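Peer 1: Got a structure here, written out as structure tokens. Questions coming.
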Amino acid sequence: MSDTPSKTFPKRIFSGIQPSGGLTLGNYLGAIKRFVTAQDEGIETIYCLVDLHAITVWQDPAKLRHATRELAAGYLAAGIDPARSILFNQSQVPAHAELAWIFNCVARMGWLRRMTQFKDKAGKHAEEASVGLFAYPNLMAADILVYFATHVPVGEDQKQHLELARDIAIKFNHDFGVDFFPVVEPVIEGAATRVMSLRDGTKKMSKSDPSDQSRINLTDDADAIAQKIRKARTDPEPLPETIEGLEGRAEARNLVNIYAALADVTPGQVLSAHGGKGFGTFKPALAELAVEKLSPLNAEMRRLMQDPAEIDRLLGQGADRAHAIAQPILEQTLDIVGMIRSRGAGSGSGR
Ligand code: TYM
């Protein structure tokens with residue numbers, strides 16, 4: 001049997017974000033904004049708030065609940081429409097955790113040991129890290145495959161995890177002699193697949209960076225956004241006319257990429273318009289653009305957060321729709337693996 005499934009799967013997009021603290025401009029440009037585009041193109045889209053992933057490192061329960069609602073508000077404010085996309089939090093659909101267990105038994109220790117994100121997050125304290133943090137990519141594979149999702153838009157930092165999801169699908173299909181799970185396609189496209197820190201152009205913009213000046217949070221007001229861009233680290237040279245001129249200028253490249261992603265143009269077009277200008281001119285233009293694009297989002301998030309019950313209701317509805325897709329796929333998986341499924345409507349094929 002070939003390792004490449006011959007079954008064709010309809011295009012279905014899945015992606016997820018952790019509710020582990022505030023959303024950054026990196027999450028917005030690298031993920032949410034692109035999720036909205038996919039939805040608006042009429043593709044079937046499933047978007048998840050991965051609360052089970054968040055608890056792989058300690059989360060205060062009250063803060064986790066707040067961060068989950070705030071993330072939901074971020075998705076909605078950015079344009080995710082719960083009537084067109086399925087929007088839900090992971091823990092309300094138990095099939096994710098159940099399929100993850102199966103994948104714990106498919107993935108190999110050596111595969112997970114190679115994950116750079118585990119090494120980065122656990123650092124020198126790997127022995128103290130939770131088992132969940134180590135097995136995290138298996139749950140991520142389950143998130144995707146429990147919907148037979150075919151395409152996964154993410155930022156650059158998730159590439160290795162998606163390769164693991166592909167390996168898991170291939171090994172499962174191979175071990176059980178089936179043509180069952182799709183081999184997912186990572187979708188890592190556009191100018192903002194790796195938004196960098198405003199303080200250090202070699203580091204990813206991240207909610208866990210100790211310096212708040214390093215990132216723009218989606219909850220920042222107009223003054224904070226403008227101030228952070230004004231203070232962003234740069235070099236003394238004017239902007240080049242061409243992309244090649246950004247070589248070795250990580251901070252300049254980052255600001256150009258951010259501008260391009262916010263304005264929906266290419267970095268080349270940004271340089272055609274701004275090449276030759278110094279940062280004294282470019283930064284105010286970028287600040288104005290960022291405020292114009294992010295302020296309405298920020299205001300809408302705040303409005304939505306005033307009605308947490310409505311957010312919870314929407315997440316519950318999304319979870320019902322997600323469950324309806326995931327549960328039959330989980331049942332088929334368990335049947336393939338050899339588990340007896342004889343309870344009520346969940347009975348298997350009787351092989
Ligand atoms: P998370 O919560 O760290 O990030 C959510 C999304 O935002 C992207 N991102 C960035 N993109 C560009 N520049 C940045 N500086 C930046 N920072 C974050 C991430 O690449 C991601 O797309 N493991 C995932 C969540 C997850 C998931 C999944 C994703 C769980 N299950 C299934 C896809 C499919 C994570 O921790 O993302």
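Every chain in the structure tokens has a letter given in the order shown (A, B, ...), and although residue numbers restart at 1 in each chain, ligands are simply numbered from 1 in the order shown.
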I'd like the contact shell of Ala31 of chain A - 12 Å cut-off, only C-alpha atoms, skipping same-chain residues fewer than 2 positions apart - returned as a CSV table (one decimal) with N, CA and C atoms, in the first residue's frame.

Peer 2:
```csv
chain,number,residue,atom,x,y,z
A,14,PHE,N,-8.6,24.0,8.8
A,14,PHE,CA,-8.7,24.0,10.2
A,14,PHE,C,-7.5,24.8,10.8
A,15,SER,N,-7.7,25.6,11.8
A,15,SER,CA,-6.6,26.2,12.5
A,15,SER,C,-7.0,26.5,13.9
A,16,GLY,N,-6.0,26.8,14.7
A,16,GLY,CA,-6.2,27.0,16.1
A,16,GLY,C,-5.3,28.0,16.7
A,17,ILE,N,-5.7,28.6,17.8
A,17,ILE,CA,-4.9,29.6,18.6
A,17,ILE,C,-5.0,29.3,20.0
A,18,GLN,N,-3.9,29.4,20.8
A,18,GLN,CA,-4.0,29.2,22.2
A,18,GLN,C,-4.5,30.4,23.0
A,23,LEU,N,-3.7,38.5,22.5
A,23,LEU,CA,-3.3,38.3,21.1
A,23,LEU,C,-2.3,39.4,20.7
A,24,THR,N,-1.4,39.0,19.9
A,24,THR,CA,-0.4,39.9,19.3
A,24,THR,C,-0.7,40.2,17.9
A,25,LEU,N,0.0,41.3,17.4
A,25,LEU,CA,0.0,41.6,16.0
A,25,LEU,C,0.5,40.3,15.1
A,26,GLY,N,1.4,39.6,15.7
A,26,GLY,CA,1.8,38.3,15.0
A,26,GLY,C,0.7,37.4,14.8
A,27,ASN,N,-0.1,37.1,15.9
A,27,ASN,CA,-1.2,36.2,15.8
A,27,ASN,C,-2.2,36.8,14.7
A,28,TYR,N,-2.4,38.1,14.8
A,28,TYR,CA,-3.4,38.7,13.9
A,28,TYR,C,-3.0,38.5,12.4
A,29,LEU,N,-1.7,39.0,12.1
A,29,LEU,CA,-1.3,39.0,10.7
A,29,LEU,C,-1.0,37.6,10.2
A,33,LYS,N,-6.1,37.1,10.5
A,33,LYS,CA,-6.5,37.9,9.3
A,33,LYS,C,-6.6,36.9,8.1
A,34,ARG,N,-5.7,35.9,8.0
A,34,ARG,CA,-5.7,35.0,6.9
A,34,ARG,C,-6.9,34.0,7.1
A,35,PHE,N,-7.3,33.7,8.3
A,35,PHE,CA,-8.5,32.9,8.5
A,35,PHE,C,-9.7,33.5,8.0
A,36,VAL,N,-9.8,34.9,8.1
A,36,VAL,CA,-10.9,35.6,7.6
A,36,VAL,C,-11.0,35.5,6.1
A,37,THR,N,-9.8,35.7,5.5
A,37,THR,CA,-9.7,35.6,4.0
A,37,THR,C,-10.2,34.3,3.5
A,38,ALA,N,-9.8,33.2,4.2
A,38,ALA,CA,-10.2,31.9,3.7
A,38,ALA,C,-11.7,31.7,3.9
A,47,TYR,N,-12.4,26.9,13.1
A,47,TYR,CA,-11.4,27.6,13.9
A,47,TYR,C,-11.6,27.4,15.4
A,48,CYS,N,-10.5,27.1,16.0
A,48,CYS,CA,-10.5,26.5,17.4
A,48,CYS,C,-9.8,27.4,18.3
A,74,GLY,N,-11.6,38.4,19.8
A,74,GLY,CA,-10.6,38.7,18.8
A,74,GLY,C,-11.0,38.1,17.4
A,75,TYR,N,-11.3,36.8,17.5
A,75,TYR,CA,-11.7,36.2,16.2
A,75,TYR,C,-12.9,36.9,15.6
A,78,ALA,N,-12.3,40.4,14.3
A,78,ALA,CA,-11.5,40.5,13.1
A,78,ALA,C,-12.3,40.0,11.9
A,80,ILE,N,-14.4,36.9,11.8
A,80,ILE,CA,-14.9,35.5,11.7
A,80,ILE,C,-16.3,35.5,12.1
A,152,VAL,N,-4.1,23.9,6.5
A,152,VAL,CA,-3.9,24.5,7.8
A,152,VAL,C,-3.1,25.8,7.7
A,153,PRO,N,-3.8,26.9,7.7
A,153,PRO,CA,-3.0,28.2,7.7
A,153,PRO,C,-2.4,28.5,9.1
A,154,VAL,N,-1.1,28.7,9.1
A,154,VAL,CA,-0.4,29.0,10.3
A,154,VAL,C,0.8,29.9,10.0
A,155,GLY,N,1.4,30.4,11.1
A,155,GLY,CA,2.6,31.1,11.0
A,155,GLY,C,3.8,30.1,10.8
A,156,GLU,N,4.9,30.7,10.4
A,156,GLU,CA,6.1,29.9,10.2
A,156,GLU,C,6.5,29.0,11.4
A,157,ASP,N,6.3,29.4,12.6
A,157,ASP,CA,6.7,28.7,13.8
A,157,ASP,C,6.0,27.4,14.0
A,158,GLN,N,4.9,27.1,13.2
A,158,GLN,CA,4.1,25.9,13.4
A,158,GLN,C,4.5,24.8,12.3
A,187,VAL,N,-0.3,25.8,5.2
A,187,VAL,CA,-0.5,27.0,4.3
A,187,VAL,C,0.3,28.2,5.0
A,188,ILE,N,1.5,28.4,4.6
A,188,ILE,CA,2.3,29.4,5.3
A,188,ILE,C,2.7,30.4,4.2
A,189,GLU,N,1.8,31.5,4.1
A,189,GLU,CA,1.9,32.4,2.9
A,189,GLU,C,1.8,33.8,3.4
A,190,GLY,N,2.3,34.7,2.5
A,190,GLY,CA,2.1,36.1,2.8
A,190,GLY,C,3.3,36.8,3.4
A,191,ALA,N,3.2,38.1,3.6
A,191,ALA,CA,4.3,38.9,4.1
A,191,ALA,C,4.5,38.7,5.6
A,192,ALA,N,3.5,38.1,6.3
A,192,ALA,CA,3.6,38.2,7.8
A,192,ALA,C,3.6,36.8,8.4
A,193,THR,N,4.2,35.8,7.8
A,193,THR,CA,4.3,34.5,8.4
A,193,THR,C,5.2,34.4,9.6
A,194,ARG,N,6.1,35.4,9.8
A,194,ARG,CA,6.9,35.5,10.9
A,194,ARG,C,7.1,37.0,11.3
A,195,VAL,N,6.2,37.5,12.1
A,195,VAL,CA,6.3,38.9,12.5
A,195,VAL,C,7.3,38.9,13.7
A,261,ALA,N,1.5,43.6,5.1
A,261,ALA,CA,0.4,42.7,5.6
A,261,ALA,C,-0.8,43.5,6.0
```

Peer 1: Neighbouring residues of segment 211-215 of chain A were defined as those with any atom within 7 Å, considering only C-alpha atoms; residues of the same chain fewer than 3 positions away were excluded. Please report them as a PDB file with N, CA, C and O atoms, in the first residue's frame.

Peer 2:
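Final output, around-v6.pdb:
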```
ATOM      1  N   THR A  24      -1.368  38.979  19.854  1.00  0.00           N
ATOM      2  CA  THR A  24      -0.390  39.943  19.344  1.00  0.00           C
ATOM      3  C   THR A  24      -0.659  40.232  17.866  1.00  0.00           C
ATOM      4  O   THR A  24      -1.408  39.504  17.196  1.00  0.00           O
ATOM      5  N   SER A 197       9.911  40.643  16.763  1.00  0.00           N
ATOM      6  CA  SER A 197       9.853  41.573  17.894  1.00  0.00           C
ATOM      7  C   SER A 197      10.223  42.984  17.446  1.00  0.00           C
ATOM      8  O   SER A 197      11.092  43.154  16.580  1.00  0.00           O
ATOM      9  N   LEU A 198       9.579  43.982  18.042  1.00  0.00           N
ATOM     10  CA  LEU A 198       9.906  45.378  17.690  1.00  0.00           C
ATOM     11  C   LEU A 198      11.213  45.817  18.341  1.00  0.00           C
ATOM     12  O   LEU A 198      11.761  46.863  18.012  1.00  0.00           O
ATOM     13  N   ARG A 199      11.708  45.021  19.277  1.00  0.00           N
ATOM     14  CA  ARG A 199      12.957  45.357  19.972  1.00  0.00           C
ATOM     15  C   ARG A 199      14.157  44.609  19.411  1.00  0.00           C
ATOM     16  O   ARG A 199      15.296  44.984  19.673  1.00  0.00           O
ATOM     17  N   MET A 205       7.933  37.951  17.374  1.00  0.00           N
ATOM     18  CA  MET A 205       7.026  38.693  18.257  1.00  0.00           C
ATOM     19  C   MET A 205       6.186  37.671  19.015  1.00  0.00           C
ATOM     20  O   MET A 205       5.574  36.803  18.403  1.00  0.00           O
ATOM     21  N   SER A 206       6.169  37.796  20.341  1.00  0.00           N
ATOM     22  CA  SER A 206       5.535  36.743  21.127  1.00  0.00           C
ATOM     23  C   SER A 206       4.868  37.315  22.372  1.00  0.00           C
ATOM     24  O   SER A 206       5.371  38.263  22.972  1.00  0.00           O
ATOM     25  N   LYS A 228       4.706  52.447  20.370  1.00  0.00           N
ATOM     26  CA  LYS A 228       5.568  51.264  20.194  1.00  0.00           C
ATOM     27  C   LYS A 228       6.235  51.270  18.813  1.00  0.00           C
ATOM     28  O   LYS A 228       7.393  50.881  18.675  1.00  0.00           O
TER      29      LYS A 228
END
```

Peer 1: If you run DSSP on the backbone, which residues of segment 78-250 of chain A are helix (DSSP H, G or I), as a ChimeraX atom specification?

Peer 2: /A:78,90-92,95-104,109-113,116-128,131-145,156-175,212-214,222-231,243-246,250

Peer 1: Quick one: everything within 12 Å of Glu251 of chain A, counting only C-alpha atoms, minus sequence neighbours fewer than 3 positions away in the same chain. Send it as JSON, numbers by chain.

Peer 2: {"A": [195, 196, 197, 198, 199, 200, 201, 202, 203, 204, 205, 214, 229, 231, 232, 233, 234, 235, 236, 237, 239, 246, 247, 248, 254, 255, 256, 257, 258, 279, 283]}

Peer 1: What's around Gln117 of chain A at 9 Å? Count only C-alpha atoms, leave out sequence neighbours fewer than 3 positions away in its own chain, and write the answer as a list in words.

Peer 2: Arg114, Asp120, Lys121, Ala122, Asp157, Gln158, Gln160 and His161 of chain A

Peer 1: Take the residues from that selection and write them out as a tab-separated table (two decimals), in the first residue's frame, keeping all heavy atoms.

Peer 2:
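So the final result, stored in again22.tsv, reads:
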```
chain	number	residue	atom	x	y	z
A	114	ARG	N	12.53	15.80	18.67
A	114	ARG	CA	13.11	16.74	17.69
A	114	ARG	C	12.36	18.08	17.61
A	114	ARG	O	12.80	18.98	16.92
A	114	ARG	CB	13.11	16.08	16.30
A	114	ARG	CG	14.21	15.05	16.14
A	114	ARG	CD	14.43	14.69	14.68
A	114	ARG	NE	13.38	13.84	14.16
A	114	ARG	CZ	13.33	12.51	14.30
A	114	ARG	NH1	14.31	11.88	14.93
A	114	ARG	NH2	12.35	11.81	13.78
A	120	ASP	N	12.51	24.90	23.01
A	120	ASP	CA	12.48	26.33	23.35
A	120	ASP	C	11.67	26.58	24.62
A	120	ASP	O	12.08	27.33	25.49
A	120	ASP	CB	11.83	27.16	22.24
A	120	ASP	CG	12.70	27.22	21.00
A	120	ASP	OD1	13.88	26.84	21.09
A	120	ASP	OD2	12.19	27.62	19.93
A	121	LYS	N	10.50	25.93	24.70
A	121	LYS	CA	9.61	26.21	25.83
A	121	LYS	C	10.09	25.57	27.11
A	121	LYS	O	9.96	26.15	28.19
A	121	LYS	CB	8.18	25.73	25.53
A	121	LYS	CG	7.43	26.65	24.59
A	121	LYS	CD	5.93	26.42	24.72
A	121	LYS	CE	5.16	27.37	23.81
A	121	LYS	NZ	3.73	27.13	23.84
A	122	ALA	N	10.61	24.35	27.01
A	122	ALA	CA	11.05	23.66	28.23
A	122	ALA	C	12.44	24.13	28.63
A	122	ALA	O	12.81	24.10	29.81
A	122	ALA	CB	11.03	22.15	28.00
A	157	ASP	N	6.27	29.44	12.61
A	157	ASP	CA	6.71	28.69	13.81
A	157	ASP	C	5.98	27.35	13.98
A	157	ASP	O	6.43	26.52	14.77
A	157	ASP	CB	6.56	29.56	15.07
A	157	ASP	CG	5.11	29.99	15.32
A	157	ASP	OD1	4.30	29.95	14.38
A	157	ASP	OD2	4.79	30.35	16.46
A	158	GLN	N	4.89	27.14	13.25
A	158	GLN	CA	4.14	25.89	13.41
A	158	GLN	C	4.48	24.84	12.34
A	158	GLN	O	3.89	23.76	12.32
A	158	GLN	CB	2.63	26.17	13.38
A	158	GLN	CG	2.15	27.04	14.52
A	158	GLN	CD	2.46	26.42	15.87
A	158	GLN	OE1	2.24	25.23	16.08
A	158	GLN	NE2	2.97	27.22	16.79
A	160	GLN	N	7.01	22.83	11.76
A	160	GLN	CA	7.51	21.52	12.19
A	160	GLN	C	6.37	20.67	12.79
A	160	GLN	O	6.32	19.45	12.57
A	160	GLN	CB	8.64	21.71	13.22
A	160	GLN	CG	9.48	20.48	13.40
A	160	GLN	CD	10.50	20.61	14.49
A	160	GLN	OE1	10.31	21.36	15.45
A	160	GLN	NE2	11.59	19.87	14.38
A	161	HIS	N	5.46	21.33	13.52
A	161	HIS	CA	4.33	20.59	14.09
A	161	HIS	C	3.44	20.01	12.98
A	161	HIS	O	2.89	18.92	13.12
A	161	HIS	CB	3.49	21.50	14.98
A	161	HIS	CG	4.17	21.84	16.28
A	161	HIS	ND1	3.82	22.94	17.03
A	161	HIS	CD2	5.16	21.24	16.95
A	161	HIS	CE1	4.57	22.99	18.10
A	161	HIS	NE2	5.41	21.97	18.08
```

Peer 1: When distances are computed from only C-alpha atoms, which of A:Leu64, A:Ala54, A:Ile329, A:Ala72 shows the smallest separation from Tyr136 of chain A?

Peer 2: A:Ala54

Peer 1: Residues of segment 40-105 of chain A in strand (DSSP E or B) according to DSSP, as a ChimeraX atom specification?

Peer 2: /A:44-49,85-89

Peer 1: Could you tell me which of A:Gly30, A:Pro19, A:Gly275, A:Gly110 comes closest to ligand 1 if we count only C-alpha atoms and all ligand atoms?

Peer 2: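 Nearest to ligand 1: A:Gly30.
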
Peer 1: Work out how far atom CA of Ala226 of chain A is from atom CA of Arg249 of chain A, in Å to one decimal.

Peer 2: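 Atom CA of Ala226 of chain A lies 21.8 Å from atom CA of Arg249 of chain A.
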
Peer 1: Skip Val146 of chain A itself and residues of its chain fewer than 5 positions away, then list as a list in words all residues within 8 Å of it, counting only C-alpha atoms.

Peer 2: Ala95, His96, Leu99, Ala326, Gln327, Ile329 and Leu330 of chain A

Peer 1: Restricting it to all heavy atoms, dump the selection as a PDB file, in the first residue's frame.

Peer 2:
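New file selection-v2.pdb:
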```
ATOM      1  N   ALA A  95     -13.665  14.629  21.315  1.00  0.00           N
ATOM      2  CA  ALA A  95     -13.010  13.802  20.293  1.00  0.00           C
ATOM      3  C   ALA A  95     -11.545  14.212  20.088  1.00  0.00           C
ATOM      4  O   ALA A  95     -10.708  13.369  19.743  1.00  0.00           O
ATOM      5  CB  ALA A  95     -13.771  13.898  18.973  1.00  0.00           C
ATOM      6  N   HIS A  96     -11.209  15.491  20.327  1.00  0.00           N
ATOM      7  CA  HIS A  96      -9.813  15.924  20.148  1.00  0.00           C
ATOM      8  C   HIS A  96      -8.894  15.144  21.090  1.00  0.00           C
ATOM      9  O   HIS A  96      -7.867  14.612  20.679  1.00  0.00           O
ATOM     10  CB  HIS A  96      -9.664  17.425  20.470  1.00  0.00           C
ATOM     11  CG  HIS A  96     -10.306  18.328  19.478  1.00  0.00           C
ATOM     12  ND1 HIS A  96      -9.598  19.251  18.762  1.00  0.00           N
ATOM     13  CD2 HIS A  96     -11.593  18.470  19.075  1.00  0.00           C
ATOM     14  CE1 HIS A  96     -10.425  19.934  17.971  1.00  0.00           C
ATOM     15  NE2 HIS A  96     -11.636  19.467  18.150  1.00  0.00           N
ATOM     16  N   LEU A  99      -8.738  11.320  20.240  1.00  0.00           N
ATOM     17  CA  LEU A  99      -7.897  10.970  19.084  1.00  0.00           C
ATOM     18  C   LEU A  99      -6.427  11.221  19.420  1.00  0.00           C
ATOM     19  O   LEU A  99      -5.543  10.485  18.970  1.00  0.00           O
ATOM     20  CB  LEU A  99      -8.313  11.780  17.844  1.00  0.00           C
ATOM     21  CG  LEU A  99      -7.568  11.395  16.563  1.00  0.00           C
ATOM     22  CD1 LEU A  99      -7.817   9.922  16.196  1.00  0.00           C
ATOM     23  CD2 LEU A  99      -7.971  12.289  15.389  1.00  0.00           C
ATOM     24  N   ALA A 326     -16.704  15.705  14.088  1.00  0.00           N
ATOM     25  CA  ALA A 326     -15.577  14.979  14.673  1.00  0.00           C
ATOM     26  C   ALA A 326     -15.954  13.589  15.184  1.00  0.00           C
ATOM     27  O   ALA A 326     -15.186  12.629  15.030  1.00  0.00           O
ATOM     28  CB  ALA A 326     -14.978  15.809  15.817  1.00  0.00           C
ATOM     29  N   GLN A 327     -17.135  13.482  15.794  1.00  0.00           N
ATOM     30  CA  GLN A 327     -17.462  12.223  16.487  1.00  0.00           C
ATOM     31  C   GLN A 327     -17.488  11.017  15.531  1.00  0.00           C
ATOM     32  O   GLN A 327     -16.881   9.986  15.835  1.00  0.00           O
ATOM     33  CB  GLN A 327     -18.785  12.391  17.253  1.00  0.00           C
ATOM     34  CG  GLN A 327     -19.051  11.285  18.276  1.00  0.00           C
ATOM     35  CD  GLN A 327     -17.969  11.165  19.364  1.00  0.00           C
ATOM     36  OE1 GLN A 327     -17.294  12.141  19.680  1.00  0.00           O
ATOM     37  NE2 GLN A 327     -17.782   9.957  19.888  1.00  0.00           N
ATOM     38  N   ILE A 329     -15.844  10.605  12.816  1.00  0.00           N
ATOM     39  CA  ILE A 329     -14.469  10.304  12.370  1.00  0.00           C
ATOM     40  C   ILE A 329     -13.706   9.608  13.504  1.00  0.00           C
ATOM     41  O   ILE A 329     -12.977   8.635  13.286  1.00  0.00           O
ATOM     42  CB  ILE A 329     -13.767  11.597  11.881  1.00  0.00           C
ATOM     43  CG1 ILE A 329     -14.471  12.106  10.615  1.00  0.00           C
ATOM     44  CG2 ILE A 329     -12.268  11.352  11.626  1.00  0.00           C
ATOM     45  CD1 ILE A 329     -13.967  13.426  10.059  1.00  0.00           C
ATOM     46  N   LEU A 330     -13.928  10.064  14.738  1.00  0.00           N
ATOM     47  CA  LEU A 330     -13.310   9.387  15.883  1.00  0.00           C
ATOM     48  C   LEU A 330     -13.814   7.940  15.980  1.00  0.00           C
ATOM     49  O   LEU A 330     -13.027   7.005  16.181  1.00  0.00           O
ATOM     50  CB  LEU A 330     -13.635  10.140  17.181  1.00  0.00           C
ATOM     51  CG  LEU A 330     -13.183   9.407  18.447  1.00  0.00           C
ATOM     52  CD1 LEU A 330     -11.660   9.425  18.574  1.00  0.00           C
ATOM     53  CD2 LEU A 330     -13.819  10.016  19.697  1.00  0.00           C
TER      54      LEU A 330
END
```

Peer 1: Nearest residue to ligand 1 out of A:Leu133, A:Leu139, A:Leu297, A:Ala97, using only C-alpha atoms and all ligand atoms?

Peer 2: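 For ligand 1, the nearest of the candidates is A:Leu139.
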
Peer 1: If I take atom CA of Glu127 of chain A and atom CA of Ile55 of chain A, how far is one from the other in Å, to one decimal?

Peer 2: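 So the answer is 17.1 Å.
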
Peer 1: When you look at Ile46 of chain A with a cut-off of 9 Å (counting only C-alpha atoms), what residues show up, excluding the ones that are within fewer than 2 positions of it in the same chain? I need them as a PDB file with C-alpha atoms, in the first residue's frame.

Peer 2:
```pdb
ATOM      1  CA  ARG A  12     -11.512  21.950   4.563  1.00  0.00           C
ATOM      2  CA  ILE A  13      -9.502  24.447   6.568  1.00  0.00           C
ATOM      3  CA  PHE A  14      -8.699  24.019  10.249  1.00  0.00           C
ATOM      4  CA  SER A  15      -6.557  26.176  12.478  1.00  0.00           C
ATOM      5  CA  GLY A  16      -6.220  27.016  16.144  1.00  0.00           C
ATOM      6  CA  GLU A  44     -15.286  25.403   4.719  1.00  0.00           C
ATOM      7  CA  CYS A  48     -10.546  26.521  17.353  1.00  0.00           C
ATOM      8  CA  SER A  85     -17.087  29.361  10.116  1.00  0.00           C
ATOM      9  CA  ILE A  86     -17.251  26.880  12.956  1.00  0.00           C
ATOM     10  CA  LEU A  87     -15.766  28.673  15.973  1.00  0.00           C
ATOM     11  CA  PHE A  88     -15.410  26.769  19.239  1.00  0.00           C
ATOM     12  CA  TYR A 147     -12.091  16.842  10.919  1.00  0.00           C
ATOM     13  CA  ALA A 149      -8.998  18.925   7.430  1.00  0.00           C
ATOM     14  CA  ALA A 322     -17.718  20.650  15.451  1.00  0.00           C
TER      15      ALA A 322
END
```

Peer 1: What is the distance between atom CA of Ala299 of chain A and atom CA of Thr45 of chain A, in Å to one decimal?

Peer 2: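 Separation of atom CA of Ala299 of chain A and atom CA of Thr45 of chain A: 25.1 Å.
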
Peer 1: Looking at A:Gly177, A:Pro186, A:Pro296, A:Gly42, which one is nearest to ligand 1, with distances taken over only C-alpha atoms and all ligand atoms?

Peer 2: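 Of the candidates, the smallest distance to ligand 1 is held by A:Pro186.
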